[in-house]
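**Student:** File start-v1.pdb follows (PDB, C-alpha atoms, pLDDT in the B column):
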```pdb
ATOM      1  CA  MET A  24     -69.327   6.864  34.599  1.00 64.00           C
ATOM      2  CA  THR A  25     -72.662   8.235  33.526  1.00 70.00           C
ATOM      3  CA  THR A  26     -75.808   6.251  32.925  1.00 75.00           C
ATOM      4  CA  PRO A  27     -75.994   5.123  29.305  1.00 71.00           C
ATOM      5  CA  PRO A  28     -78.796   6.473  27.136  1.00 69.00           C
ATOM      6  CA  VAL A  29     -81.936   4.447  26.513  1.00 70.00           C
ATOM      7  CA  PRO A  30     -81.059   1.958  23.768  1.00 68.00           C
ATOM      8  CA  THR A  31     -82.536   2.765  20.383  1.00 85.00           C
ATOM      9  CA  ALA A  32     -79.649   2.405  17.947  1.00 89.00           C
ATOM     10  CA  THR A  33     -79.676  -1.404  18.141  1.00 90.00           C
ATOM     11  CA  ASP A  34     -83.419  -1.423  17.431  1.00 90.00           C
ATOM     12  CA  GLU A  35     -82.720   0.764  14.390  1.00 92.00           C
ATOM     13  CA  ILE A  36     -80.019  -1.658  13.224  1.00 92.00           C
ATOM     14  CA  VAL A  37     -82.405  -4.611  13.573  1.00 93.00           C
ATOM     15  CA  ALA A  38     -85.115  -2.757  11.613  1.00 92.00           C
ATOM     16  CA  ALA A  39     -82.624  -1.790   8.902  1.00 93.00           C
ATOM     17  CA  ASN A  40     -81.543  -5.418   8.668  1.00 91.00           C
ATOM     18  CA  ALA A  41     -85.134  -6.551   8.154  1.00 95.00           C
ATOM     19  CA  ALA A  42     -85.420  -4.142   5.208  1.00 94.00           C
ATOM     20  CA  HIS A  43     -82.035  -5.296   3.887  1.00 91.00           C
ATOM     21  CA  ALA A  44     -82.971  -8.986   4.159  1.00 93.00           C
ATOM     22  CA  ALA A  45     -86.265  -8.426   2.346  1.00 94.00           C
ATOM     23  CA  ALA A  46     -84.370  -7.330  -0.761  1.00 92.00           C
ATOM     24  CA  TYR A  47     -81.224  -9.414  -0.198  1.00 91.00           C
ATOM     25  CA  ASP A  48     -79.729 -10.952  -3.332  1.00 91.00           C
ATOM     26  CA  PRO A  49     -76.108 -12.129  -3.027  1.00 89.00           C
ATOM     27  CA  ALA A  50     -75.832 -12.664  -6.792  1.00 87.00           C
ATOM     28  CA  ALA A  51     -76.782  -9.034  -7.429  1.00 87.00           C
ATOM     29  CA  ALA A  52     -74.143  -8.018  -4.873  1.00 84.00           C
ATOM     30  CA  GLY A  53     -71.599  -9.990  -6.878  1.00 84.00           C
ATOM     31  CA  PHE A  54     -70.794 -12.960  -4.667  1.00 85.00           C
ATOM     32  CA  ASP A  55     -71.746 -16.571  -4.122  1.00 87.00           C
ATOM     33  CA  PRO A  56     -72.844 -17.157  -0.501  1.00 88.00           C
ATOM     34  CA  ALA A  57     -71.459 -20.711  -0.678  1.00 87.00           C
ATOM     35  CA  VAL A  58     -67.901 -19.470  -1.344  1.00 86.00           C
ATOM     36  CA  ALA A  59     -66.133 -18.180   1.771  1.00 88.00           C
ATOM     37  CA  PRO A  60     -62.694 -17.157   0.439  1.00 93.00           C
ATOM     38  CA  PRO A  61     -62.621 -13.484  -0.540  1.00 96.00           C
ATOM     39  CA  SER A  62     -62.272 -12.996  -4.296  1.00 94.00           C
ATOM     40  CA  ARG A  63     -59.511 -10.376  -4.001  1.00 96.00           C
ATOM     41  CA  LEU A  64     -57.509 -12.649  -1.668  1.00 97.00           C
ATOM     42  CA  VAL A  65     -56.775  -9.713   0.632  1.00 98.00           C
ATOM     43  CA  ALA A  66     -57.324  -8.987   4.307  1.00 98.00           C
ATOM     44  CA  VAL A  67     -57.507  -5.431   5.640  1.00 98.00           C
ATOM     45  CA  VAL A  68     -56.695  -4.571   9.247  1.00 98.00           C
ATOM     46  CA  THR A  69     -58.161  -1.206  10.194  1.00 98.00           C
ATOM     47  CA  CYS A  70     -59.603   0.788  13.047  1.00 98.00           C
ATOM     48  CA  MET A  71     -63.153   0.457  14.348  1.00 98.00           C
ATOM     49  CA  ASP A  72     -63.530   4.251  14.068  1.00 98.00           C
ATOM     50  CA  ALA A  73     -67.039   5.022  12.797  1.00 97.00           C
ATOM     51  CA  ARG A  74     -65.648   7.594  10.351  1.00 97.00           C
ATOM     52  CA  ILE A  75     -64.080   4.797   8.290  1.00 98.00           C
ATOM     53  CA  ASP A  76     -66.308   2.902   5.872  1.00 97.00           C
ATOM     54  CA  PRO A  77     -63.937   0.203   4.553  1.00 97.00           C
ATOM     55  CA  ALA A  78     -66.203  -0.761   1.657  1.00 96.00           C
ATOM     56  CA  ALA A  79     -66.423   2.797   0.367  1.00 97.00           C
ATOM     57  CA  ALA A  80     -62.874   3.873   1.276  1.00 97.00           C
ATOM     58  CA  PHE A  81     -61.177   0.840  -0.252  1.00 97.00           C
ATOM     59  CA  GLY A  82     -63.566   0.047  -3.101  1.00 96.00           C
ATOM     60  CA  LEU A  83     -64.729  -3.240  -1.637  1.00 96.00           C
ATOM     61  CA  ARG A  84     -67.906  -5.170  -2.300  1.00 93.00           C
ATOM     62  CA  PRO A  85     -69.268  -8.124  -0.335  1.00 92.00           C
ATOM     63  CA  GLY A  86     -67.215 -11.254  -0.876  1.00 93.00           C
ATOM     64  CA  GLN A  87     -64.011  -9.448  -1.911  1.00 96.00           C
ATOM     65  CA  ALA A  88     -61.946  -9.056   1.274  1.00 97.00           C
ATOM     66  CA  HIS A  89     -61.686  -9.880   4.935  1.00 98.00           C
ATOM     67  CA  VAL A  90     -61.834  -6.774   7.101  1.00 98.00           C
ATOM     68  CA  VAL A  91     -60.509  -7.061  10.660  1.00 98.00           C
ATOM     69  CA  ARG A  92     -61.311  -4.047  12.826  1.00 98.00           C
ATOM     70  CA  ASN A  93     -60.268  -3.070  16.316  1.00 98.00           C
ATOM     71  CA  ALA A  94     -59.471   0.041  18.311  1.00 98.00           C
ATOM     72  CA  GLY A  95     -56.550   1.677  16.507  1.00 98.00           C
ATOM     73  CA  GLY A  96     -56.196  -0.887  13.735  1.00 98.00           C
ATOM     74  CA  ILE A  97     -53.257  -2.282  15.667  1.00 97.00           C
ATOM     75  CA  VAL A  98     -51.842  -5.757  15.126  1.00 98.00           C
ATOM     76  CA  THR A  99     -52.823  -7.623  18.284  1.00 97.00           C
ATOM     77  CA  GLU A 100     -52.790 -11.302  19.195  1.00 96.00           C
ATOM     78  CA  ASP A 101     -56.401 -11.578  18.030  1.00 97.00           C
ATOM     79  CA  VAL A 102     -55.578  -9.892  14.708  1.00 98.00           C
ATOM     80  CA  LEU A 103     -52.810 -12.471  14.229  1.00 98.00           C
ATOM     81  CA  ARG A 104     -55.328 -15.229  14.986  1.00 98.00           C
ATOM     82  CA  SER A 105     -57.782 -13.839  12.436  1.00 98.00           C
ATOM     83  CA  LEU A 106     -55.133 -13.336   9.747  1.00 98.00           C
ATOM     84  CA  THR A 107     -53.706 -16.808  10.307  1.00 98.00           C
ATOM     85  CA  LEU A 108     -57.151 -18.306   9.683  1.00 98.00           C
ATOM     86  CA  SER A 109     -57.761 -15.901   6.793  1.00 98.00           C
ATOM     87  CA  GLN A 110     -54.599 -17.078   5.056  1.00 98.00           C
ATOM     88  CA  ARG A 111     -54.444 -20.746   6.046  1.00 98.00           C
ATOM     89  CA  GLU A 112     -58.128 -21.630   5.818  1.00 97.00           C
ATOM     90  CA  LEU A 113     -59.624 -19.049   3.468  1.00 97.00           C
ATOM     91  CA  GLY A 114     -56.889 -18.313   0.957  1.00 96.00           C
ATOM     92  CA  THR A 115     -55.903 -14.684   1.436  1.00 98.00           C
ATOM     93  CA  VAL A 116     -52.343 -13.821   0.422  1.00 98.00           C
ATOM     94  CA  GLU A 117     -52.116 -10.056   0.976  1.00 98.00           C
ATOM     95  CA  VAL A 118     -52.586  -7.870   4.058  1.00 98.00           C
ATOM     96  CA  ALA A 119     -53.143  -4.116   4.247  1.00 98.00           C
ATOM     97  CA  VAL A 120     -52.733  -2.477   7.658  1.00 98.00           C
ATOM     98  CA  VAL A 121     -54.625   0.819   7.669  1.00 98.00           C
ATOM     99  CA  GLN A 122     -54.501   3.214  10.596  1.00 98.00           C
ATOM    100  CA  HIS A 123     -55.856   6.766  10.393  1.00 98.00           C
ATOM    101  CA  THR A 124     -55.465  10.409  11.237  1.00 98.00           C
ATOM    102  CA  GLY A 125     -57.282  11.647  14.313  1.00 98.00           C
ATOM    103  CA  CYS A 126     -57.223   8.228  15.977  1.00 98.00           C
ATOM    104  CA  GLY A 127     -58.237   8.161  19.631  1.00 97.00           C
ATOM    105  CA  LEU A 128     -55.308   5.867  20.457  1.00 98.00           C
ATOM    106  CA  LEU A 129     -52.773   8.359  19.136  1.00 98.00           C
ATOM    107  CA  GLY A 130     -51.223   9.826  22.282  1.00 97.00           C
ATOM    108  CA  LEU A 131     -53.398   7.728  24.610  1.00 98.00           C
ATOM    109  CA  ASP A 132     -51.756   7.151  28.001  1.00 98.00           C
ATOM    110  CA  ASP A 133     -52.218   3.413  28.566  1.00 97.00           C
ATOM    111  CA  ALA A 134     -51.145   3.588  32.206  1.00 98.00           C
ATOM    112  CA  ALA A 135     -53.709   6.286  32.979  1.00 98.00           C
ATOM    113  CA  VAL A 136     -56.503   4.347  31.240  1.00 98.00           C
ATOM    114  CA  VAL A 137     -55.616   1.146  33.087  1.00 98.00           C
ATOM    115  CA  ALA A 138     -55.419   3.023  36.410  1.00 98.00           C
ATOM    116  CA  ALA A 139     -58.839   4.630  35.833  1.00 98.00           C
ATOM    117  CA  ILE A 140     -60.445   1.297  34.960  1.00 97.00           C
ATOM    118  CA  GLU A 141     -58.866  -0.374  37.985  1.00 98.00           C
ATOM    119  CA  ALA A 142     -59.959   2.471  40.280  1.00 97.00           C
ATOM    120  CA  GLU A 143     -63.539   2.197  39.044  1.00 96.00           C
ATOM    121  CA  THR A 144     -63.869  -1.595  38.878  1.00 97.00           C
ATOM    122  CA  GLY A 145     -61.308  -2.871  41.366  1.00 97.00           C
ATOM    123  CA  ALA A 146     -59.467  -4.875  38.714  1.00 98.00           C
ATOM    124  CA  PRO A 147     -57.097  -3.962  35.911  1.00 96.00           C
ATOM    125  CA  PRO A 148     -58.241  -4.921  32.403  1.00 97.00           C
ATOM    126  CA  PRO A 149     -56.692  -8.119  31.000  1.00 96.00           C
ATOM    127  CA  PHE A 150     -55.499  -6.210  27.916  1.00 95.00           C
ATOM    128  CA  ALA A 151     -53.366  -3.207  27.050  1.00 94.00           C
ATOM    129  CA  PRO A 152     -55.406  -0.302  25.659  1.00 97.00           C
ATOM    130  CA  GLY A 153     -52.888   0.054  22.823  1.00 96.00           C
ATOM    131  CA  GLY A 154     -52.074   3.753  22.823  1.00 97.00           C
ATOM    132  CA  PHE A 155     -49.208   4.870  20.616  1.00 97.00           C
ATOM    133  CA  PRO A 156     -47.230   8.131  20.305  1.00 97.00           C
ATOM    134  CA  ASP A 157     -46.528   8.068  16.549  1.00 98.00           C
ATOM    135  CA  LEU A 158     -48.982   7.013  13.827  1.00 98.00           C
ATOM    136  CA  GLU A 159     -46.484   5.931  11.174  1.00 98.00           C
ATOM    137  CA  ALA A 160     -44.315   4.148  13.744  1.00 98.00           C
ATOM    138  CA  SER A 161     -47.401   2.233  14.877  1.00 98.00           C
ATOM    139  CA  VAL A 162     -48.151   1.143  11.297  1.00 98.00           C
ATOM    140  CA  ARG A 163     -44.517   0.073  10.839  1.00 98.00           C
ATOM    141  CA  ALA A 164     -44.638  -1.888  14.121  1.00 98.00           C
ATOM    142  CA  GLY A 165     -47.732  -3.741  12.905  1.00 98.00           C
ATOM    143  CA  LEU A 166     -46.040  -4.545   9.610  1.00 98.00           C
ATOM    144  CA  ALA A 167     -42.952  -5.839  11.423  1.00 98.00           C
ATOM    145  CA  THR A 168     -45.124  -8.076  13.608  1.00 98.00           C
ATOM    146  CA  LEU A 169     -46.891  -9.539  10.568  1.00 98.00           C
ATOM    147  CA  ARG A 170     -43.712  -9.994   8.549  1.00 98.00           C
ATOM    148  CA  SER A 171     -42.096 -11.925  11.403  1.00 98.00           C
ATOM    149  CA  ALA A 172     -45.105 -14.117  12.275  1.00 98.00           C
ATOM    150  CA  PRO A 173     -44.051 -17.672  11.357  1.00 97.00           C
ATOM    151  CA  PHE A 174     -47.625 -18.996  11.246  1.00 96.00           C
ATOM    152  CA  LEU A 175     -48.590 -16.598   8.415  1.00 98.00           C
ATOM    153  CA  PRO A 176     -47.637 -18.345   5.170  1.00 97.00           C
ATOM    154  CA  TRP A 177     -47.872 -15.119   3.118  1.00 97.00           C
ATOM    155  CA  ARG A 178     -45.770 -12.316   4.596  1.00 96.00           C
ATOM    156  CA  ASP A 179     -44.256 -10.682   1.501  1.00 95.00           C
ATOM    157  CA  ALA A 180     -47.381  -8.809   0.408  1.00 97.00           C
ATOM    158  CA  VAL A 181     -47.935  -6.941   3.684  1.00 98.00           C
ATOM    159  CA  ARG A 182     -48.320  -3.187   3.277  1.00 98.00           C
ATOM    160  CA  GLY A 183     -49.204  -0.316   5.569  1.00 98.00           C
ATOM    161  CA  PHE A 184     -51.175   2.877   5.110  1.00 98.00           C
ATOM    162  CA  VAL A 185     -52.526   5.923   6.881  1.00 98.00           C
ATOM    163  CA  TYR A 186     -56.089   6.887   5.952  1.00 98.00           C
ATOM    164  CA  ASP A 187     -56.809  10.605   6.207  1.00 98.00           C
ATOM    165  CA  VAL A 188     -60.310  11.000   7.684  1.00 98.00           C
ATOM    166  CA  ALA A 189     -60.503  14.596   6.378  1.00 98.00           C
ATOM    167  CA  THR A 190     -59.718  13.771   2.721  1.00 98.00           C
ATOM    168  CA  GLY A 191     -60.516  10.050   2.406  1.00 97.00           C
ATOM    169  CA  ARG A 192     -57.068   9.403   0.922  1.00 98.00           C
ATOM    170  CA  LEU A 193     -54.665   6.592   1.687  1.00 98.00           C
ATOM    171  CA  ARG A 194     -50.963   7.301   2.081  1.00 98.00           C
ATOM    172  CA  GLU A 195     -48.566   4.374   2.052  1.00 98.00           C
ATOM    173  CA  VAL A 196     -46.126   4.050   4.930  1.00 98.00           C
ATOM    174  CA  ALA A 197     -42.678   2.884   3.817  1.00 90.00           C
TER     175      ALA A 197
END
```
Kindly present the structure from the file in structure tokens form.
**Tutor:**
Amino acid sequence: MTTPPVPTATDEIVAANAAHAAAYDPAAAGFDPAVAPPSRLVAVVTCMDARIDPAAAFGLRPGQAHVVRNAGGIVTEDVLRSLTLSQRELGTVEVAVVQHTGCGLLGLDDAAVVAAIEAETGAPPPFAPGGFPDLEASVRAGLATLRSAPFLPWRDAVRGFVYDVATGRLREVA
């Protein structure tokens, strides 16, 4: 591993937040800060990839949806935890699973990643990296996991999509 660069991006984020907070007006953004449930009653599971801006790509404004992001947009145990709370405690009834073209997990060799981490640190990671060989099959697997999760009260309105990072378009996965 190489030495990381001198941190500056976090300082830039903090400075940008100060400017944001100075002009912050939840009412102008269209939501009431005292109301936690999202107004569209939807949760979106998507990848953490920096090329995806969920608000812009999915037409979302603050207060409208829960967005759960992780590497690959895969349905993990923690995603199930978040969606269970989203539905049971905060009223969402729909879930959109959105993975994307050009994902770094597409074709990732989990065994090789785990071996490299273990060789460097002396311990294997306590998680699977989550690589998958087929994008649509991965979306379908996530949908199957959600539709069979007994602790999710709303499993009928679960849909899957592939977001094309080159065109910005969603394509539904049957």
**Student:** Taking (-58.8, -14.3, 10.4) in the file's coordinates as the center, which residues reach within 7 Å of it, counting all atoms listed in the file, put as JSON, numbers by chain?
**Tutor:** {"A": [102, 104, 105, 106, 107, 108, 109]}
**Student:** So, counting only C-alpha atoms, which residue among A:Ile97, A:Val121, A:Val196, A:Ile140 is closest to Gly154 (chain A)?
**Tutor:**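 Of the candidates, the smallest distance to Gly154 (chain A) is held by A:Ile97.
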**Student:** Between A:Ile75, A:Ala94, A:Ala88, A:Leu129, which one has atoms that come closest to Ala189 (chain A), using only C-alpha atoms?
**Tutor:**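 Nearest to Ala189 (chain A): A:Ile75.
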**Student:** Please tabulate, as CSV, the residues of region 67-107 of chain A that come within 10 Å of region 52-56 of chain A, each with its closest pair of atoms and the distance in Å to one decimal, counting all atoms listed in the file and ordering rows by chain, then residue number upward.
**Tutor:**
```
residue,atom,partner,partner_atom,distance
A:Arg84,CA,A:Ala52,CA,7.3
A:Pro85,CA,A:Ala52,CA,6.7
A:Gly86,CA,A:Phe54,CA,5.5
A:Gln87,CA,A:Phe54,CA,8.1
```
**Student:** Calculated over all atoms listed in the file, which of the candidates A:Gln122, A:Ala146, A:Pro173, A:Leu83 has the smallest distance to Glu195 (chain A)?
**Tutor:**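 For Glu195 (chain A), the nearest of the given residues is A:Gln122.
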**Student:** In Å, rounded to a single decimal, give me how far CA of Arg170 (chain A) is from CA of Asp187 (chain A).
**Tutor:** 24.5 Å
**Student:** Using the chain letters and numbering of this document, enumerate as number ranges by chain the residues selected by the PyMOL selection byres ((chain A and resi 184) around 10).
**Tutor:** A: 69, 119-123, 158-159, 162-163, 182-183, 185-187, 192-197
**Student:** Pick from A:Ala51, A:Ala66, A:Thr31, A:Val58: nearest to Leu103 (chain A), with all atoms listed in the file counted?
**Tutor:** A:Ala66
**Student:** Would you mind reading off the distance between CA of Val68 (chain A) and CA of Gly82 (chain A), one decimal, in Å?
**Tutor:**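 It comes out at 14.9 Å.
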**Student:** Quick one: residues within 12 Å of Ala135 (chain A), all atoms listed in the file, excluding same-chain residues fewer than 4 positions away - as a CSV table (one decimal) with C-alpha atoms, in the frame of the given file?
**Tutor:**
```csv
chain,number,residue,atom,x,y,z
A,130,GLY,CA,-51.2,9.8,22.3
A,131,LEU,CA,-53.4,7.7,24.6
A,139,ALA,CA,-58.8,4.6,35.8
A,140,ILE,CA,-60.4,1.3,35.0
A,141,GLU,CA,-58.9,-0.4,38.0
A,142,ALA,CA,-60.0,2.5,40.3
A,147,PRO,CA,-57.1,-4.0,35.9
A,151,ALA,CA,-53.4,-3.2,27.0
A,152,PRO,CA,-55.4,-0.3,25.7
A,153,GLY,CA,-52.9,0.1,22.8
A,154,GLY,CA,-52.1,3.8,22.8
```
**Student:** Enumerate, as a ChimeraX atom specification, the residues matched when the PyMOL selection byres ((chain A and resi 72) around 9) is run on the file above.
**Tutor:** /A:69-71,73-76,92-96,123,126-127
